[in-house]
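Engineer: Structure supplied as target_37.json; contents: JSON, C-alpha atoms.
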```json
[["chain", "number", "residue", "atom", "x", "y", "z"],
["A", 29, "MET", "CA", 48.64, 4.84, 56.42],
["A", 30, "ASN", "CA", 50.08, 1.53, 55.23],
["A", 31, "ASP", "CA", 47.87, -1.18, 53.73],
["A", 32, "THR", "CA", 47.77, -3.35, 56.87],
["A", 33, "ILE", "CA", 46.73, -0.47, 59.13],
["A", 34, "LYS", "CA", 44.13, 0.59, 56.55],
["A", 35, "VAL", "CA", 42.54, -2.89, 56.55],
["A", 36, "LEU", "CA", 42.55, -3.09, 60.35],
["A", 37, "CYS", "CA", 40.91, 0.32, 60.70],
["A", 38, "GLU", "CA", 38.45, 0.17, 57.79],
["A", 39, "ARG", "CA", 37.06, -3.40, 57.86],
["A", 40, "ARG", "CA", 33.41, -3.50, 58.92],
["A", 41, "SER", "CA", 30.83, -6.21, 59.50],
["A", 42, "VAL", "CA", 28.54, -6.52, 56.48],
["A", 43, "ARG", "CA", 25.01, -7.88, 56.72],
["A", 44, "SER", "CA", 23.71, -7.64, 53.15],
["A", 45, "TYR", "CA", 25.22, -9.69, 50.33],
["A", 46, "LYS", "CA", 24.97, -10.03, 46.56],
["A", 47, "ASP", "CA", 24.29, -13.46, 45.13],
["A", 48, "LYS", "CA", 27.90, -13.75, 43.94],
["A", 49, "GLN", "CA", 30.17, -16.52, 45.16],
["A", 50, "VAL", "CA", 33.69, -15.91, 46.43],
["A", 51, "PRO", "CA", 36.01, -17.56, 43.88],
["A", 52, "LYS", "CA", 37.89, -20.60, 45.19],
["A", 53, "GLU", "CA", 41.34, -19.09, 44.59],
["A", 54, "ILE", "CA", 40.45, -16.01, 46.66],
["A", 55, "LEU", "CA", 38.83, -18.16, 49.37],
["A", 56, "ASP", "CA", 41.97, -20.30, 49.51],
["A", 57, "GLU", "CA", 44.12, -17.21, 50.05],
["A", 58, "ILE", "CA", 41.81, -15.92, 52.81],
["A", 59, "LEU", "CA", 41.75, -19.27, 54.61],
["A", 60, "LYS", "CA", 45.52, -19.66, 54.34],
["A", 61, "CYS", "CA", 45.82, -16.47, 56.40],
["A", 62, "GLY", "CA", 43.70, -18.11, 59.09],
["A", 63, "THR", "CA", 46.20, -20.95, 59.31],
["A", 64, "PHE", "CA", 48.97, -18.46, 60.14],
["A", 65, "ALA", "CA", 47.17, -17.01, 63.17],
["A", 66, "PRO", "CA", 49.02, -17.24, 66.47],
["A", 67, "SER", "CA", 48.14, -20.19, 68.68],
["A", 68, "GLY", "CA", 49.04, -21.13, 72.22],
["A", 69, "MET", "CA", 52.33, -23.06, 72.31],
["A", 70, "GLY", "CA", 52.13, -23.26, 68.50],
["A", 71, "LEU", "CA", 49.69, -26.19, 68.81],
["A", 72, "GLN", "CA", 47.43, -24.99, 65.97],
["A", 73, "SER", "CA", 44.31, -26.34, 67.67],
["A", 74, "ALA", "CA", 41.95, -24.84, 65.10],
["A", 75, "VAL", "CA", 40.25, -26.48, 62.14],
["A", 76, "ILE", "CA", 38.59, -24.37, 59.45],
["A", 77, "VAL", "CA", 35.51, -25.66, 57.62],
["A", 78, "ALA", "CA", 34.56, -23.69, 54.49],
["A", 79, "ILE", "CA", 31.12, -24.19, 52.97],
["A", 80, "GLN", "CA", 29.82, -22.84, 49.67],
["A", 81, "ASP", "CA", 26.90, -25.26, 49.28],
["A", 82, "LYS", "CA", 23.72, -23.17, 49.61],
["A", 83, "GLU", "CA", 21.60, -25.97, 51.04],
["A", 84, "LEU", "CA", 24.14, -26.87, 53.71],
["A", 85, "ILE", "CA", 24.49, -23.20, 54.67],
["A", 86, "LYS", "CA", 20.68, -22.97, 54.97],
["A", 87, "LYS", "CA", 20.62, -26.06, 57.19],
["A", 88, "ILE", "CA", 23.25, -24.62, 59.54],
["A", 89, "ALA", "CA", 21.52, -21.22, 59.49],
["A", 90, "LYS", "CA", 18.26, -22.86, 60.56],
["A", 91, "ILE", "CA", 19.93, -24.49, 63.58],
["A", 92, "ASN", "CA", 21.68, -21.22, 64.44],
["A", 93, "ALA", "CA", 18.42, -19.25, 64.22],
["A", 94, "SER", "CA", 16.55, -21.79, 66.34],
["A", 95, "ILE", "CA", 19.04, -21.22, 69.16],
["A", 96, "MET", "CA", 17.90, -17.58, 69.15],
["A", 97, "GLY", "CA", 14.27, -18.69, 68.98],
["A", 98, "ARG", "CA", 13.83, -16.82, 65.70],
["A", 99, "ASP", "CA", 12.92, -17.67, 62.12],
["A", 100, "ILE", "CA", 15.53, -15.56, 60.31],
["A", 101, "ASP", "CA", 18.68, -16.05, 58.25],
["A", 102, "PRO", "CA", 21.48, -15.28, 60.71],
["A", 103, "PHE", "CA", 23.92, -15.54, 57.79],
["A", 104, "TYR", "CA", 22.26, -12.71, 55.85],
["A", 105, "GLY", "CA", 22.25, -14.57, 52.54],
["A", 106, "ALA", "CA", 26.05, -14.68, 52.33],
["A", 107, "PRO", "CA", 27.22, -17.25, 49.77],
["A", 108, "THR", "CA", 30.14, -18.59, 51.83],
["A", 109, "LEU", "CA", 30.20, -19.79, 55.41],
["A", 110, "VAL", "CA", 33.41, -20.47, 57.31],
["A", 111, "ILE", "CA", 33.26, -22.20, 60.69],
["A", 112, "VAL", "CA", 36.24, -22.30, 63.01],
["A", 113, "PHE", "CA", 36.49, -25.19, 65.45],
["A", 114, "THR", "CA", 39.18, -25.87, 68.04],
["A", 115, "LYS", "CA", 40.11, -28.81, 70.24],
["A", 116, "LYS", "CA", 38.45, -28.34, 73.64],
["A", 117, "ASP", "CA", 41.31, -29.94, 75.54],
["A", 118, "ILE", "CA", 43.79, -27.25, 74.52],
["A", 119, "PRO", "CA", 43.82, -24.60, 77.29],
["A", 120, "THR", "CA", 44.05, -21.75, 74.76],
["A", 121, "HIS", "CA", 41.45, -23.12, 72.33],
["A", 122, "ILE", "CA", 39.02, -20.17, 72.46],
["A", 123, "LYS", "CA", 41.82, -17.64, 72.03],
["A", 124, "ASP", "CA", 43.37, -19.73, 69.25],
["A", 125, "GLY", "CA", 40.09, -19.93, 67.35],
["A", 126, "SER", "CA", 39.42, -16.23, 67.84],
["A", 127, "ALA", "CA", 42.83, -15.38, 66.39],
["A", 128, "VAL", "CA", 42.11, -17.56, 63.34],
["A", 129, "MET", "CA", 38.78, -15.82, 62.87],
["A", 130, "THR", "CA", 40.34, -12.36, 63.13],
["A", 131, "ASN", "CA", 42.99, -13.24, 60.54],
["A", 132, "ILE", "CA", 40.28, -14.51, 58.17],
["A", 133, "LEU", "CA", 38.10, -11.40, 58.60],
["A", 134, "ASN", "CA", 41.00, -9.05, 57.90],
["A", 135, "ALA", "CA", 42.45, -11.10, 55.04],
["A", 136, "ALA", "CA", 39.03, -11.16, 53.37],
["A", 137, "PHE", "CA", 38.70, -7.38, 53.52],
["A", 138, "SER", "CA", 42.21, -6.93, 52.15],
["A", 139, "LEU", "CA", 41.13, -8.97, 49.10],
["A", 140, "GLY", "CA", 37.87, -7.09, 48.54],
["A", 141, "VAL", "CA", 35.63, -9.69, 50.22],
["A", 142, "ASP", "CA", 33.21, -8.60, 52.92],
["A", 143, "SER", "CA", 32.48, -10.52, 56.09],
["A", 144, "CYS", "CA", 30.78, -10.72, 59.45],
["A", 145, "TRP", "CA", 31.50, -12.77, 62.57],
["A", 146, "ILE", "CA", 28.33, -14.64, 63.54],
["A", 147, "ASP", "CA", 27.99, -16.14, 66.99],
["A", 148, "ARG", "CA", 26.43, -19.40, 68.22],
["A", 149, "ALA", "CA", 28.81, -21.88, 66.55],
["A", 150, "LYS", "CA", 29.41, -23.59, 69.90],
["A", 151, "GLU", "CA", 25.69, -23.98, 70.57],
["A", 152, "THR", "CA", 24.92, -24.98, 66.97],
["A", 153, "PHE", "CA", 27.29, -27.94, 67.06],
["A", 154, "GLU", "CA", 26.13, -29.05, 70.49],
["A", 155, "THR", "CA", 22.66, -29.84, 69.10],
["A", 156, "ASN", "CA", 21.90, -33.34, 67.78],
["A", 157, "ASP", "CA", 21.75, -32.02, 64.20],
["A", 158, "GLY", "CA", 24.95, -30.08, 64.80],
["A", 159, "LYS", "CA", 26.72, -33.17, 66.12],
["A", 160, "GLU", "CA", 25.76, -35.02, 62.92],
["A", 161, "LEU", "CA", 27.19, -32.16, 60.87],
["A", 162, "LEU", "CA", 30.34, -32.15, 62.98],
["A", 163, "ALA", "CA", 30.79, -35.85, 62.23],
["A", 164, "SER", "CA", 30.22, -35.15, 58.51],
["A", 165, "PHE", "CA", 33.24, -32.80, 58.71],
["A", 166, "ASN", "CA", 35.23, -35.73, 60.19],
["A", 167, "LEU", "CA", 35.43, -33.96, 63.55],
["A", 168, "ASP", "CA", 34.48, -35.54, 66.86],
["A", 169, "ASP", "CA", 32.94, -34.00, 69.96],
["A", 170, "ASN", "CA", 36.40, -32.97, 71.17],
["A", 171, "TYR", "CA", 35.98, -29.99, 68.83],
["A", 172, "GLU", "CA", 34.09, -26.85, 69.82],
["A", 173, "GLY", "CA", 32.64, -24.29, 67.43],
["A", 174, "ILE", "CA", 34.32, -20.96, 68.11],
["A", 175, "GLY", "CA", 32.51, -18.88, 65.53],
["A", 176, "ASN", "CA", 31.02, -18.53, 62.08],
["A", 177, "ILE", "CA", 32.26, -16.13, 59.45],
["A", 178, "ILE", "CA", 30.11, -15.22, 56.50],
["A", 179, "LEU", "CA", 31.89, -14.11, 53.35],
["A", 180, "GLY", "CA", 30.70, -12.48, 50.15],
["A", 181, "TYR", "CA", 30.34, -9.21, 48.31],
["A", 182, "ARG", "CA", 28.27, -6.53, 49.98],
["A", 183, "ASP", "CA", 25.04, -5.30, 48.52],
["A", 184, "GLY", "CA", 25.33, -1.61, 49.36],
["A", 185, "ASP", "CA", 27.80, 0.72, 50.96],
["A", 186, "LEU", "CA", 30.38, -0.27, 53.52],
["A", 187, "PRO", "CA", 28.97, 0.55, 56.97],
["A", 188, "ILE", "CA", 30.43, 3.60, 58.67],
["A", 189, "ALA", "CA", 32.51, 2.99, 61.76],
["A", 190, "LYS", "CA", 31.04, 4.00, 65.09],
["A", 191, "LYS", "CA", 32.93, 6.69, 66.92],
["A", 192, "ARG", "CA", 35.59, 5.14, 69.13],
["A", 193, "LYS", "CA", 34.71, 5.34, 72.83],
["A", 194, "GLU", "CA", 36.53, 7.64, 75.20],
["A", 195, "ASN", "CA", 39.22, 6.10, 77.39],
["A", 196, "TYR", "CA", 39.61, 3.13, 75.03],
["A", 197, "ILE", "CA", 43.35, 3.30, 75.65],
["A", 198, "ILE", "CA", 44.93, 3.90, 79.04],
["A", 199, "TYR", "CA", 48.60, 4.82, 79.28],
["A", 200, "ARG", "CA", 50.51, 4.54, 82.54]]
```
What does this structure look like when you write it as structure tokens?

Structural biologist:
Amino acid sequence: MNDTIKVLCERRSVRSYKDKQVPKEILDEILKCGTFAPSGMGLQSAVIVAIQDKELIKKIAKINASIMGRDIDPFYGAPTLVIVFTKKDIPTHIKDGSAVMTNILNAAFSLGVDSCWIDRAKETFETNDGKELLASFNLDDNYEGIGNIILGYRDGDLPIAKKRKENYIIYR
């Protein structure tokens, strides 16, 4: 199995992190891979916001948790948060942002960094507090949150993959 196939088949979502920050040079490499994701008509509608400030991550986590109506840390204590936004007026914006996120998740794993895709970015940045944060990133309301990615180093074993479902692939 080549290295790419190994990463694609072995990466798992991690929900328990050590208090150890992802070094900037590794984060830069991971995020660069996101910028090379495919995008509709090559328009590159996505913008990646990387956050390593603990207080800002907690603030965003609180908004995200409130959307669920829960008082939890939806980011599982991960030291790095990456948020992918895309321009709403691009017809392929959700697909474009999803491709960026997938590249980031797989690039992270290939470099020994664990991750998890966390939902509710769209809803988070539609709140009043979220809109203020969006503006602080120099983005206007033409941008939609596609997803959050938490990054860090797992505290424990890599989760075991679930058995693949029957009839996942259909040949004709």

Engineer: Which stretch 91-170 of chain A residues have any atom within 9 Å of an atom of stretch 48-60 of chain A, and for each, what is the nearest pair of atoms with distance in Å to one decimal, counting all atoms listed in the file, rows sorted by chain and number, as JSON lines?

Structural biologist:
```
{"residue": "A:Ala106", "atom": "CA", "partner": "A:Gln49", "partner_atom": "CA", "distance": 8.5}
{"residue": "A:Pro107", "atom": "CA", "partner": "A:Gln49", "partner_atom": "CA", "distance": 5.5}
{"residue": "A:Thr108", "atom": "CA", "partner": "A:Gln49", "partner_atom": "CA", "distance": 7.0}
{"residue": "A:Val110", "atom": "CA", "partner": "A:Leu59", "partner_atom": "CA", "distance": 8.8}
{"residue": "A:Val128", "atom": "CA", "partner": "A:Leu59", "partner_atom": "CA", "distance": 8.9}
{"residue": "A:Asn131", "atom": "CA", "partner": "A:Ile58", "partner_atom": "CA", "distance": 8.3}
{"residue": "A:Ile132", "atom": "CA", "partner": "A:Ile58", "partner_atom": "CA", "distance": 5.7}
{"residue": "A:Leu133", "atom": "CA", "partner": "A:Ile58", "partner_atom": "CA", "distance": 8.2}
{"residue": "A:Asn134", "atom": "CA", "partner": "A:Ile58", "partner_atom": "CA", "distance": 8.6}
{"residue": "A:Ala135", "atom": "CA", "partner": "A:Ile58", "partner_atom": "CA", "distance": 5.3}
{"residue": "A:Ala136", "atom": "CA", "partner": "A:Ile58", "partner_atom": "CA", "distance": 5.5}
{"residue": "A:Leu139", "atom": "CA", "partner": "A:Ile54", "partner_atom": "CA", "distance": 7.5}
{"residue": "A:Val141", "atom": "CA", "partner": "A:Val50", "partner_atom": "CA", "distance": 7.5}
```

Engineer: Go through A:Asp142, A:Asp169, A:Ile91, A:Thr152 and flag the residue nearest A:Val35, using only C-alpha atoms for the distances.

Structural biologist: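 So, comparing all the options, the nearest one is A:Asp142.
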
Engineer: Which residues, written as a short mmCIF file (atom, residue, chain, number, x, y, z; two decimals) with C-alpha atoms, in the coordinates of the input, have at least one atom at most 9 Å from A:Ala93, with all atoms listed in the file counted and residues fewer than 6 positions away on the same chain left out?

Structural biologist:
```
data_model
loop_
_atom_site.label_atom_id
_atom_site.label_comp_id
_atom_site.auth_asym_id
_atom_site.auth_seq_id
_atom_site.Cartn_x
_atom_site.Cartn_y
_atom_site.Cartn_z
CA ASP A 99 12.92 -17.67 62.12
CA ILE A 100 15.53 -15.56 60.31
CA ASP A 101 18.68 -16.05 58.25
CA PRO A 102 21.48 -15.28 60.71
CA ARG A 148 26.43 -19.40 68.22
#
```

Engineer: Report, in Å to a single decimal, how far apart atom CA of A:Gly173 and atom CA of A:Leu71 are.

Structural biologist: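 Taking atom CA of A:Leu71 as the start and atom CA of A:Gly173 as the end point, the length is 17.2 Å.
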
Engineer: Using all atoms listed in the file, which protein or nucleic acid residues come within 12 Å of A:Arg182? Drop anything in the same chain fewer than 2 positions from it, and give the result as a VMD selection string.

Structural biologist: chain A and resid 40 to 50 104 to 107 137 140 to 144 178 to 180 184 to 187

Engineer: Between A:Phe153, A:Ile76, A:Ser138, A:Tyr181, which has the minimum distance to A:Thr32 (counting only C-alpha atoms)?

Structural biologist: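 Nearest candidate to A:Thr32 out of A:Phe153, A:Ile76, A:Ser138, A:Tyr181: A:Ser138.
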
Engineer: What is the atom CA of A:Lys150 to atom CA of A:Phe64 distance in Å?

Structural biologist: 22.5 Å

Engineer: Between atom CA of A:Ser126 and atom CA of A:Tyr199, what distance in Å does the model show, to one decimal?

Structural biologist: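 These two atoms are separated by 25.7 Å.
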
Engineer: Considering only C-alpha atoms, state which residue in the set A:Ile122, A:Thr114, A:Lys34, A:Gln72 is at the smallest distance from A:Leu167.

Structural biologist: A:Thr114

Engineer: So which one's closest to A:Pro66, A:Ala127, A:Leu162, A:Ala189, A:Leu109? Using all atoms listed in the file, please.

Structural biologist: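 Among the listed residues, A:Ala127 lies closest to A:Pro66.
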
Engineer: Taking all atoms listed in the file into account, which of A:Ala78, A:Glu154, A:Lys193, A:Ile88 comes nearest A:Asn170?

Structural biologist: A:Glu154

Engineer: My list of candidates is A:Ala89, A:Ile188, A:Ile174, A:Met69. Which is closest to A:Lys116 when distances are computed with only C-alpha atoms?

Structural biologist: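 That would be A:Ile174, the residue with the smallest distance to A:Lys116.
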
Engineer: Writing N, CA and C atoms and nothing else, produce stretch 97-128 of chain A as a tab-separated table (two decimals), in the first residue's frame.

Structural biologist:
```tsv
chain	number	residue	atom	x	y	z
A	97	GLY	N	-27.49	23.40	22.09
A	97	GLY	CA	-28.21	23.47	23.35
A	97	GLY	C	-27.51	22.71	24.47
A	98	ARG	N	-26.17	22.66	24.38
A	98	ARG	CA	-25.39	21.90	25.36
A	98	ARG	C	-24.25	22.74	25.90
A	99	ASP	N	-23.81	22.39	27.09
A	99	ASP	CA	-22.68	23.07	27.73
A	99	ASP	C	-21.50	22.11	27.72
A	100	ILE	N	-20.89	21.95	26.54
A	100	ILE	CA	-19.76	21.04	26.36
A	100	ILE	C	-18.69	21.75	25.54
A	101	ASP	N	-17.55	21.09	25.37
A	101	ASP	CA	-16.52	21.59	24.46
A	101	ASP	C	-16.61	20.77	23.18
A	102	PRO	N	-17.26	21.29	22.15
A	102	PRO	CA	-17.39	20.53	20.91
A	102	PRO	C	-16.05	20.37	20.18
A	103	PHE	N	-15.01	21.06	20.66
A	103	PHE	CA	-13.70	20.96	20.04
A	103	PHE	C	-12.75	20.06	20.83
A	104	TYR	N	-13.27	19.41	21.84
A	104	TYR	CA	-12.56	18.36	22.58
A	104	TYR	C	-11.18	18.76	23.11
A	105	GLY	N	-11.01	20.03	23.41
A	105	GLY	CA	-9.73	20.48	23.97
A	105	GLY	C	-8.59	20.53	22.97
A	106	ALA	N	-8.89	20.43	21.69
A	106	ALA	CA	-7.82	20.49	20.68
A	106	ALA	C	-7.17	21.87	20.70
A	107	PRO	N	-5.86	21.93	20.53
A	107	PRO	CA	-5.16	23.22	20.62
A	107	PRO	C	-5.23	24.09	19.37
A	108	THR	N	-5.66	23.53	18.25
A	108	THR	CA	-5.74	24.29	17.00
A	108	THR	C	-7.12	24.11	16.39
A	109	LEU	N	-7.68	25.21	15.94
A	109	LEU	CA	-8.96	25.19	15.25
A	109	LEU	C	-8.77	25.80	13.87
A	110	VAL	N	-9.26	25.11	12.87
A	110	VAL	CA	-9.23	25.61	11.50
A	110	VAL	C	-10.68	25.72	11.04
A	111	ILE	N	-11.04	26.86	10.49
A	111	ILE	CA	-12.40	27.06	9.99
A	111	ILE	C	-12.30	27.36	8.50
A	112	VAL	N	-13.09	26.65	7.72
A	112	VAL	CA	-13.11	26.88	6.28
A	112	VAL	C	-14.39	27.62	5.93
A	113	PHE	N	-14.23	28.73	5.25
A	113	PHE	CA	-15.34	29.55	4.76
A	113	PHE	C	-15.27	29.56	3.23
A	114	THR	N	-16.43	29.75	2.61
A	114	THR	CA	-16.45	29.93	1.16
A	114	THR	C	-17.44	31.04	0.80
A	115	LYS	N	-17.24	31.60	-0.37
A	115	LYS	CA	-18.15	32.65	-0.86
A	115	LYS	C	-19.48	32.01	-1.26
A	116	LYS	N	-20.56	32.50	-0.66
A	116	LYS	CA	-21.90	31.95	-0.89
A	116	LYS	C	-22.36	32.07	-2.33
A	117	ASP	N	-21.87	33.07	-3.04
A	117	ASP	CA	-22.38	33.31	-4.40
A	117	ASP	C	-21.72	32.42	-5.45
A	118	ILE	N	-20.81	31.57	-5.05
A	118	ILE	CA	-20.18	30.63	-5.97
A	118	ILE	C	-21.04	29.35	-5.94
A	119	PRO	N	-21.56	28.92	-7.08
A	119	PRO	CA	-22.47	27.76	-7.07
A	119	PRO	C	-21.90	26.49	-6.43
A	120	THR	N	-20.58	26.33	-6.49
A	120	THR	CA	-19.95	25.12	-5.95
A	120	THR	C	-19.34	25.33	-4.56
A	121	HIS	N	-19.77	26.39	-3.85
A	121	HIS	CA	-19.06	26.77	-2.62
A	121	HIS	C	-19.03	25.68	-1.55
A	122	ILE	N	-20.10	24.93	-1.37
A	122	ILE	CA	-20.10	23.89	-0.33
A	122	ILE	C	-19.16	22.75	-0.72
A	123	LYS	N	-19.20	22.38	-1.98
A	123	LYS	CA	-18.30	21.32	-2.46
A	123	LYS	C	-16.85	21.79	-2.39
A	124	ASP	N	-16.61	23.04	-2.77
A	124	ASP	CA	-15.25	23.58	-2.72
A	124	ASP	C	-14.70	23.54	-1.29
A	125	GLY	N	-15.50	24.03	-0.35
A	125	GLY	CA	-15.06	24.04	1.05
A	125	GLY	C	-14.86	22.64	1.60
A	126	SER	N	-15.73	21.72	1.20
A	126	SER	CA	-15.59	20.34	1.66
A	126	SER	C	-14.31	19.70	1.13
A	127	ALA	N	-13.94	20.02	-0.10
A	127	ALA	CA	-12.70	19.50	-0.66
A	127	ALA	C	-11.49	20.05	0.09
A	128	VAL	N	-11.53	21.34	0.44
A	128	VAL	CA	-10.45	21.95	1.22
A	128	VAL	C	-10.33	21.23	2.56
```
